>>> print(open('protein.cif').read())   # mmCIF, C-alpha atoms and all ligand atoms
data_structure
#
loop_
_atom_site.label_atom_id
_atom_site.label_comp_id
_atom_site.auth_asym_id
_atom_site.auth_seq_id
_atom_site.Cartn_x
_atom_site.Cartn_y
_atom_site.Cartn_z
CA MET A 1068 78.03 18.88 91.46
CA HIS A 1069 75.46 17.49 93.90
CA GLY A 1070 74.54 14.53 91.66
CA LEU A 1071 70.91 14.53 92.87
CA SER A 1072 67.99 14.01 90.49
CA THR A 1073 65.19 16.60 90.25
CA HIS A 1074 62.95 14.28 92.31
CA GLU A 1075 65.64 14.07 95.00
CA LEU A 1076 66.27 17.83 95.04
CA LEU A 1077 62.54 18.51 95.38
CA TYR A 1078 62.32 16.00 98.22
CA ARG A 1079 65.34 17.47 99.98
CA ASP A 1080 63.93 21.02 99.62
CA LYS A 1081 60.25 20.21 100.19
CA ASP A 1082 59.90 21.97 103.57
CA LEU A 1083 61.78 25.04 102.39
CA ILE A 1084 59.57 25.20 99.28
CA ALA A 1085 56.40 24.67 101.34
CA ASN A 1086 57.37 27.54 103.64
CA THR A 1087 58.27 30.02 100.88
CA PRO A 1088 55.29 31.92 99.39
CA GLY A 1089 57.09 32.61 96.11
CA LEU A 1090 57.90 28.93 95.39
CA ALA A 1091 55.84 25.82 94.64
CA ASN A 1092 56.70 22.13 94.47
CA GLY A 1093 55.65 20.80 91.07
CA GLY A 1094 57.05 17.31 91.73
CA ILE A 1095 58.81 17.24 88.35
CA ALA A 1096 60.10 20.83 88.50
CA LEU A 1097 60.67 23.57 91.02
CA ALA A 1098 58.16 26.35 90.32
CA VAL A 1099 58.61 30.04 90.94
CA VAL A 1100 55.31 31.80 91.55
CA GLU A 1101 56.65 35.24 92.51
CA PRO A 1102 60.22 35.87 91.34
CA GLU A 1103 60.16 39.38 92.87
CA SER A 1104 59.52 38.03 96.34
CA ILE A 1105 62.30 35.40 95.96
CA GLY A 1106 64.73 37.86 94.34
CA TRP A 1107 66.39 37.12 90.99
CA ALA A 1108 69.73 36.35 92.67
CA GLU A 1109 68.08 33.48 94.54
CA VAL A 1110 66.25 32.34 91.38
CA THR A 1111 69.64 32.25 89.63
CA ARG A 1112 71.09 30.15 92.44
CA LEU A 1113 68.18 27.72 92.30
CA LEU A 1114 68.51 27.46 88.52
CA GLU A 1115 72.20 26.56 88.87
CA GLU A 1116 71.22 23.76 91.17
CA TYR A 1117 68.10 22.45 89.40
CA GLY A 1118 69.10 23.03 85.75
CA PHE A 1119 65.53 24.08 84.84
CA ILE A 1120 62.83 26.05 86.62
CA GLY A 1121 59.13 26.70 86.04
CA PHE A 1122 57.38 30.06 86.22
CA SER A 1123 53.78 29.34 87.17
CA ALA A 1124 50.86 31.18 85.55
CA ALA A 1125 53.12 34.12 84.76
CA ASP A 1126 52.18 37.32 82.92
CA LYS A 1127 52.42 36.13 79.31
CA LYS A 1128 53.27 39.59 77.95
CA THR A 1129 56.38 40.08 80.07
CA VAL A 1130 57.62 36.70 81.31
CA PHE A 1131 59.73 35.65 78.28
CA ASN A 1132 61.69 38.93 78.11
CA GLU A 1133 62.11 39.01 81.86
CA ILE A 1134 63.54 35.47 82.01
CA ARG A 1135 65.98 36.23 79.19
CA ALA A 1136 67.02 39.56 80.78
CA GLN A 1137 67.46 38.10 84.27
CA LEU A 1138 68.70 34.57 83.56
CA GLY A 1139 70.29 34.59 80.10
CA ASP A 1140 69.87 33.28 76.58
CA GLU A 1141 70.77 29.61 76.94
CA GLY A 1142 68.13 26.91 76.70
CA ASP A 1143 64.53 26.75 75.52
CA LEU A 1144 61.45 28.45 76.95
CA PRO A 1145 58.59 25.99 76.30
CA PHE A 1146 55.25 27.23 77.63
CA TRP A 1147 51.82 25.94 78.61
CA ASP A 1148 48.71 28.12 78.44
CA SER A 1149 46.74 28.65 81.65
CA PHE A 1150 43.20 27.39 82.09
CA THR A 1151 41.29 28.45 85.19
CA CYS A 1152 37.90 28.32 86.85
CA THR A 1153 36.14 28.97 90.10
CA VAL A 1154 34.89 25.98 92.07
CA SER A 1155 31.17 26.77 91.94
CA ASP A 1156 31.24 26.98 88.15
CA ILE A 1157 33.08 23.73 87.55
CA LEU A 1158 31.62 21.22 90.00
CA PRO A 1159 28.25 20.58 88.25
CA THR A 1160 30.03 20.08 84.90
CA CYS A 1161 32.45 17.52 86.38
CA GLU A 1162 29.66 15.70 88.22
CA ARG A 1163 27.71 15.40 84.97
CA ILE A 1164 30.76 13.94 83.18
CA ILE A 1165 31.27 11.36 85.93
CA TYR A 1166 27.57 10.47 86.02
CA SER A 1167 27.60 9.80 82.25
CA ALA A 1168 30.72 7.58 82.32
CA GLY A 1169 30.50 4.25 80.50
CA LYS A 1170 29.94 1.12 82.62
CA ASP A 1171 32.87 -0.70 80.98
CA VAL A 1172 35.44 1.12 83.14
CA ALA A 1173 36.12 1.37 86.88
CA PHE A 1174 37.52 4.50 88.45
CA ASP A 1175 38.81 5.73 91.77
CA SER A 1176 40.75 8.55 93.46
CA SER A 1177 43.01 8.50 96.49
CA LEU A 1178 45.12 10.76 98.67
CA LEU A 1179 47.33 7.72 99.27
CA PRO A 1180 47.44 5.39 96.26
CA SER A 1181 48.93 1.93 96.77
CA ALA A 1182 52.45 1.08 95.61
CA GLN A 1183 50.96 -1.01 92.78
CA THR A 1184 48.71 1.84 91.61
CA ILE A 1185 51.66 4.25 91.67
CA ALA A 1186 53.79 1.80 89.67
CA ASP A 1187 51.01 1.38 87.06
CA ILE A 1188 50.60 5.17 86.82
CA VAL A 1189 54.34 5.73 86.37
CA SER A 1190 54.44 3.23 83.49
CA LEU A 1191 51.39 4.81 81.83
CA ASN A 1192 52.95 8.29 82.22
CA ARG A 1193 56.16 7.04 80.60
CA GLU A 1194 54.27 5.42 77.74
CA VAL A 1195 52.49 8.70 76.85
CA GLY A 1196 55.39 11.12 77.41
CA VAL A 1197 54.25 12.67 80.69
CA SER A 1198 57.10 13.04 83.16
CA PRO A 1199 56.05 10.88 86.14
CA LEU A 1200 55.65 12.44 89.56
CA PRO A 1201 57.76 10.88 92.31
CA ALA A 1202 56.01 8.27 94.47
CA TRP A 1203 56.48 10.46 97.56
CA TYR A 1204 54.61 13.26 95.77
CA MET A 1205 51.65 10.98 94.92
CA ARG A 1206 51.59 9.87 98.58
CA GLY A 1207 51.18 13.51 99.68
CA GLU A 1208 54.56 13.80 101.38
CA GLY A 1209 55.06 17.06 99.49
CA PRO A 1210 52.00 19.24 98.93
CA PRO A 1211 48.57 17.66 99.58
CA SER A 1212 48.03 15.48 96.51
CA MET A 1213 45.10 13.66 94.88
CA THR A 1214 45.49 10.91 92.29
CA SER A 1215 42.64 9.67 90.06
CA TRP A 1216 42.72 6.69 87.71
CA ILE A 1217 40.60 4.57 85.41
CA MET A 1218 40.89 0.80 84.87
CA SER A 1219 39.57 -1.21 81.93
CA HIS A 1220 37.27 -4.16 82.68
CA GLU A 1221 40.35 -6.40 82.22
CA GLY A 1222 41.99 -4.55 85.13
CA GLN A 1223 44.48 -2.50 83.06
CA MET A 1224 45.39 1.06 84.06
CA ILE A 1225 44.14 3.10 81.07
CA ALA A 1226 43.97 6.69 82.35
CA CYS A 1227 45.28 8.72 85.27
CA ALA A 1228 45.75 12.26 86.55
CA ASN A 1229 47.19 14.05 89.57
CA GLY A 1230 46.24 17.27 91.35
CA SER A 1231 47.88 19.14 94.19
CA MET A 1232 47.53 22.07 96.55
CA ARG A 1233 51.03 23.29 95.75
CA TYR A 1234 50.63 27.03 96.30
CA HIS A 1235 51.50 28.80 99.57
CA ALA A 1236 48.60 30.34 101.52
CA LYS A 1237 50.26 33.77 101.22
CA SER A 1238 51.01 33.61 97.48
CA ARG A 1239 48.95 35.10 94.64
CA MET A 1240 47.89 31.50 93.80
CA ALA A 1241 46.67 30.78 97.36
CA GLY A 1242 43.83 28.27 97.52
CA THR A 1243 44.28 27.21 93.88
CA TYR A 1244 44.13 23.48 93.10
CA TYR A 1245 46.49 22.48 90.27
CA VAL A 1246 45.34 19.61 88.03
CA GLY A 1247 47.61 17.87 85.53
CA ALA A 1248 49.72 14.86 84.54
CA VAL A 1249 46.69 13.51 82.64
CA SER A 1250 47.61 10.39 80.70
CA VAL A 1251 45.43 8.12 78.56
CA SER A 1252 46.67 4.89 77.02
CA PRO A 1253 47.17 5.48 73.25
CA ARG A 1254 44.74 2.63 72.47
CA GLU A 1255 41.96 4.27 74.51
CA ARG A 1256 42.12 7.86 73.27
CA GLY A 1257 39.26 9.96 71.94
CA ARG A 1258 36.48 8.29 73.94
CA GLY A 1259 36.29 10.74 76.83
CA LEU A 1260 38.67 9.06 79.28
CA GLY A 1261 41.00 12.07 79.60
CA THR A 1262 37.95 14.21 80.31
CA LEU A 1263 36.64 11.66 82.83
CA ALA A 1264 40.01 11.37 84.66
CA THR A 1265 40.22 15.17 84.89
CA ALA A 1266 36.60 15.48 86.06
CA LEU A 1267 37.20 12.87 88.79
CA LEU A 1268 40.37 14.61 89.88
CA ILE A 1269 38.57 17.95 90.09
CA ARG A 1270 35.49 16.65 91.94
CA ASP A 1271 37.47 14.58 94.44
CA GLY A 1272 40.07 17.34 94.93
CA ILE A 1273 37.33 19.90 95.60
CA ASN A 1274 35.80 17.60 98.21
CA ALA A 1275 39.16 16.88 99.88
CA PHE A 1276 40.84 20.29 99.75
CA ARG A 1277 38.02 22.85 99.44
CA PRO A 1278 40.03 25.04 97.05
CA LYS A 1279 38.93 28.51 95.89
CA ALA A 1280 39.95 28.02 92.27
CA ILE A 1281 41.20 25.37 89.86
CA THR A 1282 44.02 25.68 87.35
CA GLY A 1283 45.37 23.44 84.59
CA ILE A 1284 47.83 23.97 81.77
CA ALA A 1285 48.19 22.81 78.14
CA GLN A 1286 50.67 23.47 75.36
CA PRO A 1287 49.30 25.47 72.39
CA ALA A 1288 49.62 22.47 70.02
CA ASN A 1289 48.06 19.92 72.40
CA ALA A 1290 44.47 20.02 71.10
CA PRO A 1291 43.23 16.93 73.02
CA SER A 1292 44.55 18.35 76.29
CA ARG A 1293 42.95 21.73 75.65
CA GLY A 1294 39.68 20.06 74.62
CA MET A 1295 39.65 17.93 77.75
CA LEU A 1296 40.24 20.90 80.11
CA THR A 1297 37.59 22.96 78.31
CA LYS A 1298 35.02 20.14 78.48
CA CYS A 1299 35.56 19.97 82.26
CA GLY A 1300 34.71 23.69 82.51
CA LEU A 1301 38.14 25.29 82.66
CA VAL A 1302 38.56 28.46 80.59
CA HIS A 1303 41.71 29.58 78.76
CA ASP A 1304 43.18 32.74 80.34
CA PRO A 1305 45.15 34.34 77.49
CA SER A 1306 46.99 36.68 79.86
CA ARG A 1307 48.90 33.90 81.66
CA ALA A 1308 51.24 31.04 80.79
CA THR A 1309 53.48 28.63 82.67
CA VAL A 1310 56.98 28.80 81.25
CA ILE A 1311 59.91 26.46 81.84
CA TYR A 1312 63.35 27.94 81.58
CA ASN A 1313 64.95 24.72 80.33
CA ARG A 1314 68.56 25.72 80.66
CA SER A 1315 69.95 22.21 81.11
CA GLY A 1316 67.65 20.82 78.38
CA ALA A 1317 66.72 17.99 80.77
CA PHE A 1318 63.03 18.91 81.19
CA HIS A 1319 60.70 16.85 78.99
CA THR A 1320 56.95 16.45 79.40
CA ARG A 1321 53.73 16.89 77.43
C1 LIG B 1401 45.48 14.69 76.39
C2 LIG B 1401 44.85 13.31 76.61
C3 LIG B 1401 44.93 12.97 78.10
C4 LIG B 1401 43.38 13.41 76.19
O1 LIG B 1401 42.76 12.18 76.45
P1 LIG B 1401 41.54 11.61 75.58
O2 LIG B 1401 40.86 10.57 76.38
O3 LIG B 1401 42.00 11.21 74.23
O4 LIG B 1401 40.62 12.91 75.44
P2 LIG B 1401 39.02 12.96 75.38
O5 LIG B 1401 38.50 11.81 74.56
O6 LIG B 1401 38.49 13.12 76.75
O7 LIG B 1401 38.82 14.30 74.51
C5 LIG B 1401 38.44 15.54 75.06
C6 LIG B 1401 38.21 16.55 73.97
O8 LIG B 1401 39.47 16.91 73.39
C7 LIG B 1401 39.30 17.14 72.01
N1 LIG B 1401 40.13 16.14 71.29
C8 LIG B 1401 40.35 14.85 71.63
N2 LIG B 1401 41.19 14.26 70.77
C9 LIG B 1401 41.50 15.20 69.89
C10 LIG B 1401 42.37 15.22 68.76
N3 LIG B 1401 43.05 14.14 68.40
N4 LIG B 1401 42.48 16.39 68.07
C11 LIG B 1401 41.78 17.48 68.43
N5 LIG B 1401 40.97 17.52 69.52
C12 LIG B 1401 40.83 16.41 70.21
C13 LIG B 1401 37.83 16.97 71.70
O9 LIG B 1401 37.20 18.24 71.84
C14 LIG B 1401 37.39 16.05 72.80
O10 LIG B 1401 36.05 16.15 73.11
P3 LIG B 1401 34.92 15.51 72.10
O11 LIG B 1401 35.45 14.19 71.64
O12 LIG B 1401 33.70 15.37 72.96
O13 LIG B 1401 34.76 16.52 71.02
C15 LIG B 1401 45.53 12.21 75.77
O14 LIG B 1401 45.55 12.63 74.42
C16 LIG B 1401 46.96 11.91 76.21
O15 LIG B 1401 47.20 11.06 77.06
N6 LIG B 1401 47.94 12.61 75.61
C17 LIG B 1401 49.35 12.45 75.95
C18 LIG B 1401 49.67 13.06 77.30
C19 LIG B 1401 49.26 14.52 77.40
O16 LIG B 1401 49.44 15.31 76.48
N7 LIG B 1401 48.69 14.88 78.57
C20 LIG B 1401 48.26 16.23 78.83
C21 LIG B 1401 49.33 17.01 79.47
S1 LIG B 1401 49.05 17.18 81.21
#
>>> encode(input="protein.cif", output="structure tokens")
Amino acid sequence: MHGLSTHELLYRDKDLIANTPGLANGGIALAVVEPESIGWAEVTRLLEEYGFIGFSAADKKTVFNEIRAQLGDEGDLPFWDSFTCTVSDILPTCERIIYSAGKDVAFDSSLLPSAQTIADIVSLNREVGVSPLPAWYMRGEGPPSMTSWIMSHEGQMIACANGSMRYHAKSRMAGTYYVGAVSVSPRERGRGLGTLATALLIRDGINAFRPKAITGIAQPANAPSRGMLTKCGLVHDPSRATVIYNRSGAFHTR
């Protein structure tokens, strides 16, 4: 046993992952984008080491059977539906959301959030059941990363989100900006803050990274998350889903 946490494994392997078109660094999980190009023997080896592995925006019709056939029957296969959009379609919608934001909150985005901001985000993530990204990930030491957050007028962190350019330039997801880890304080839900945090993350990520497309994910039962992505202009793609092969059972997030 190596005894390293998932965060530590992903930090140790970050250059290898960045240089491999079929892999992506999700910060909280290693993601396989193209199992064929990695080879299932290598996927099996990585699974042994990591305990769980993600399959990003996979073909929903075939991915579950393929994982079971190639990797076995142990563990759960939770999945998140894919939501996607092109940049030109989404930007005006997000700008409108930001323009209409209430004056009782303050918001910001950064490629390099301060240690205090990261600490506040990690505690908010924990409170709402979102697995926190490592600090090194939010500082962009892995893939280029954008963090957006909203503060109440009392100076409390009440909403946050993170996006990253995690896909290799030669992969099928090249140029796609991933948005996620959206967290809203339970006391502040249902007043548009999840939508605002996502819109900020999308607008500021588009300006910083000039992506070709945007993607987000949401579990089938997570109606607020689906509503928030849809309001920002992302559209459910029923042909794709992100699946976690949770063999160790250690992967938990919303
Ligand atoms: C998902 C989450 C971020 C949404 O934040 P929020 O600020 O409550 O969401 P919004 O107020 O922006 O709602 C956006 C839309 O979602 C839908 N929605 C919101 N709450 C809903 C609910 N309880 N049931 C059904 N739909 C809901 C609505 O369509 C809403 O738009 P509308 O109010 O204009 O009709 C928040 O619920 C949360 O932190 N959940 C726990 C963590 C999580 O699941 N994160 C997402 C995984 S990355």
>>> atom_distance(input="protein.cif", atom1="CA of Gly1121 (chain A)", atom2="CA of Leu1083 (chain A)")
16.6 Å
>>> residues_around(input="protein.cif", residues="Lys1298 (chain A)", least_positions_apart="5", cutoff="10 Å", atoms="all atoms listed in the file", output="list in words")
Ile1157, Thr1160, Cys1161, Ile1164, Gly1259, Thr1262, Leu1263, Thr1265, Ala1266, Ser1292 and Arg1293 of chain A
>>> closest_residue(input="protein.cif", among="A:Gly1261, A:Gly1142, A:Gly1230, A:Gly1294", to="Arg1206 (chain A)", atoms="only C-alpha atoms")
A:Gly1230
>>> residues_near_ligand(input="protein.cif", ligand="ligand LIG 1401 (chain B)", cutoff="9 Å", atoms="all atoms listed in the file", output="PyMOL selection string")
chain A and resi 1191-1192+1194-1197+1226-1228+1246-1253+1255-1265+1283-1286+1289-1299+1320-1321
>>> atom_distance(input="protein.cif", atom1="CA of Thr1243 (chain A)", atom2="CA of Leu1178 (chain A)")
17.2 Å
>>> closest_residue(input="protein.cif", among="A:Pro1199, A:Gly1118, A:Pro1305, A:Gly1070", to="Asp1187 (chain A)", atoms="all atoms listed in the file")
A:Pro1199
>>> atom_distance(input="protein.cif", atom1="CA of Trp1216 (chain A)", atom2="CA of Ser1177 (chain A)")
9.0 Å
>>> residues_around(input="protein.cif", residues="region 1105-1108 of chain A", least_positions_apart="6", cutoff="8 Å", atoms="all atoms listed in the file", output="tab-separated table (two decimals) with C-alpha atoms, keeping the file's coordinate frame")
chain	number	residue	atom	x	y	z
A	1089	GLY	CA	57.09	32.61	96.11
A	1090	LEU	CA	57.90	28.93	95.39
A	1137	GLN	CA	67.46	38.10	84.27
>>> residues_around(input="protein.cif", residues="Leu1113 (chain A)", least_positions_apart="2", cutoff="12 Å", atoms="all atoms listed in the file", output="JSON, numbers by chain")
{"A": [1073, 1076, 1077, 1080, 1084, 1090, 1096, 1097, 1098, 1099, 1102, 1105, 1106, 1107, 1108, 1109, 1110, 1111, 1115, 1116, 1117, 1118, 1119, 1120, 1121, 1138, 1312, 1314]}
>>> axis_aligned_box(input="protein.cif", around="region 1192-1198 of chain A", padding_each_side="8 Å", output="AutoDock Vina command-line options")
--center_x 54.8 --center_y 9.2 --center_z 80.0 --size_x 20.6 --size_y 23.6 --size_z 22.3
>>> closest_residue(input="protein.cif", among="A:Ile1095, A:Ile1225, A:Val1154, A:Ile1281", to="Tyr1204 (chain A)", atoms="only C-alpha atoms")
A:Ile1095
>>> residues_around(input="protein.cif", residues="Thr1184 (chain A)", least_positions_apart="2", cutoff="10 Å", atoms="all atoms listed in the file", output="VMD selection string")
chain A and resid 1179 to 1182 1186 to 1189 1214 1216 1224 1227
>>> closest_residue(input="protein.cif", among="A:Leu1114, A:Ala1288, A:Ala1168, A:Ala1124", to="Phe1150 (chain A)", atoms="all atoms listed in the file")
A:Ala1124
>>> closest_residue(input="protein.cif", among="A:Val1130, A:Leu1301, A:Cys1152, A:Ala1173", to="Ala1280 (chain A)", atoms="all atoms listed in the file")
A:Cys1152
>>> closest_residue(input="protein.cif", among="A:Arg1193, A:Arg1112, A:Arg1233, A:Lys1127", to="Ser1212 (chain A)", atoms="only C-alpha atoms")
A:Arg1233
>>> build_atoms(input="protein.cif", residues="region 1269-1288 of chain A", atoms="N, CA and C atoms", output="PDB file, keeping the file's coordinate frame")
ATOM      1  N   ILE A1269      39.085  16.646  89.638  1.00  0.00           N
ATOM      2  CA  ILE A1269      38.570  17.950  90.090  1.00  0.00           C
ATOM      3  C   ILE A1269      37.510  17.740  91.180  1.00  0.00           C
ATOM      4  N   ARG A1270      36.545  16.853  90.936  1.00  0.00           N
ATOM      5  CA  ARG A1270      35.490  16.650  91.940  1.00  0.00           C
ATOM      6  C   ARG A1270      36.083  16.164  93.276  1.00  0.00           C
ATOM      7  N   ASP A1271      36.959  15.158  93.205  1.00  0.00           N
ATOM      8  CA  ASP A1271      37.470  14.580  94.440  1.00  0.00           C
ATOM      9  C   ASP A1271      38.457  15.527  95.129  1.00  0.00           C
ATOM     10  N   GLY A1272      39.174  16.334  94.349  1.00  0.00           N
ATOM     11  CA  GLY A1272      40.070  17.340  94.930  1.00  0.00           C
ATOM     12  C   GLY A1272      39.284  18.463  95.600  1.00  0.00           C
ATOM     13  N   ILE A1273      38.172  18.850  94.987  1.00  0.00           N
ATOM     14  CA  ILE A1273      37.330  19.900  95.600  1.00  0.00           C
ATOM     15  C   ILE A1273      36.800  19.387  96.943  1.00  0.00           C
ATOM     16  N   ASN A1274      36.340  18.146  96.966  1.00  0.00           N
ATOM     17  CA  ASN A1274      35.800  17.600  98.210  1.00  0.00           C
ATOM     18  C   ASN A1274      36.870  17.451  99.289  1.00  0.00           C
ATOM     19  N   ALA A1275      38.094  17.099  98.881  1.00  0.00           N
ATOM     20  CA  ALA A1275      39.160  16.880  99.880  1.00  0.00           C
ATOM     21  C   ALA A1275      39.800  18.181 100.343  1.00  0.00           C
ATOM     22  N   PHE A1276      39.996  19.118  99.430  1.00  0.00           N
ATOM     23  CA  PHE A1276      40.840  20.290  99.750  1.00  0.00           C
ATOM     24  C   PHE A1276      40.067  21.600  99.867  1.00  0.00           C
ATOM     25  N   ARG A1277      38.827  21.622  99.413  1.00  0.00           N
ATOM     26  CA  ARG A1277      38.020  22.850  99.440  1.00  0.00           C
ATOM     27  C   ARG A1277      38.765  24.051  98.865  1.00  0.00           C
ATOM     28  N   PRO A1278      39.284  23.924  97.635  1.00  0.00           N
ATOM     29  CA  PRO A1278      40.030  25.040  97.050  1.00  0.00           C
ATOM     30  C   PRO A1278      39.096  26.190  96.660  1.00  0.00           C
ATOM     31  N   LYS A1279      39.723  27.352  96.362  1.00  0.00           N
ATOM     32  CA  LYS A1279      38.930  28.510  95.890  1.00  0.00           C
ATOM     33  C   LYS A1279      38.834  28.507  94.370  1.00  0.00           C
ATOM     34  N   ALA A1280      39.881  27.983  93.734  1.00  0.00           N
ATOM     35  CA  ALA A1280      39.950  28.020  92.270  1.00  0.00           C
ATOM     36  C   ALA A1280      40.684  26.794  91.776  1.00  0.00           C
ATOM     37  N   ILE A1281      40.529  26.513  90.480  1.00  0.00           N
ATOM     38  CA  ILE A1281      41.200  25.370  89.860  1.00  0.00           C
ATOM     39  C   ILE A1281      42.063  25.899  88.728  1.00  0.00           C
ATOM     40  N   THR A1282      43.228  25.320  88.524  1.00  0.00           N
ATOM     41  CA  THR A1282      44.020  25.680  87.350  1.00  0.00           C
ATOM     42  C   THR A1282      44.600  24.435  86.699  1.00  0.00           C
ATOM     43  N   GLY A1283      44.714  24.488  85.367  1.00  0.00           N
ATOM     44  CA  GLY A1283      45.370  23.440  84.590  1.00  0.00           C
ATOM     45  C   GLY A1283      46.154  24.114  83.481  1.00  0.00           C
ATOM     46  N   ILE A1284      47.033  23.362  82.833  1.00  0.00           N
ATOM     47  CA  ILE A1284      47.830  23.970  81.770  1.00  0.00           C
ATOM     48  C   ILE A1284      47.879  23.037  80.564  1.00  0.00           C
ATOM     49  N   ALA A1285      48.058  23.625  79.359  1.00  0.00           N
ATOM     50  CA  ALA A1285      48.190  22.810  78.140  1.00  0.00           C
ATOM     51  C   ALA A1285      49.020  23.576  77.118  1.00  0.00           C
ATOM     52  N   GLN A1286      49.859  22.832  76.396  1.00  0.00           N
ATOM     53  CA  GLN A1286      50.670  23.470  75.360  1.00  0.00           C
ATOM     54  C   GLN A1286      49.749  23.899  74.210  1.00  0.00           C
ATOM     55  N   PRO A1287      50.144  24.957  73.478  1.00  0.00           N
ATOM     56  CA  PRO A1287      49.300  25.470  72.390  1.00  0.00           C
ATOM     57  C   PRO A1287      48.952  24.394  71.357  1.00  0.00           C
ATOM     58  N   ALA A1288      49.877  23.467  71.066  1.00  0.00           N
ATOM     59  CA  ALA A1288      49.620  22.470  70.020  1.00  0.00           C
ATOM     60  C   ALA A1288      48.919  21.214  70.541  1.00  0.00           C
TER      61      ALA A1288
END
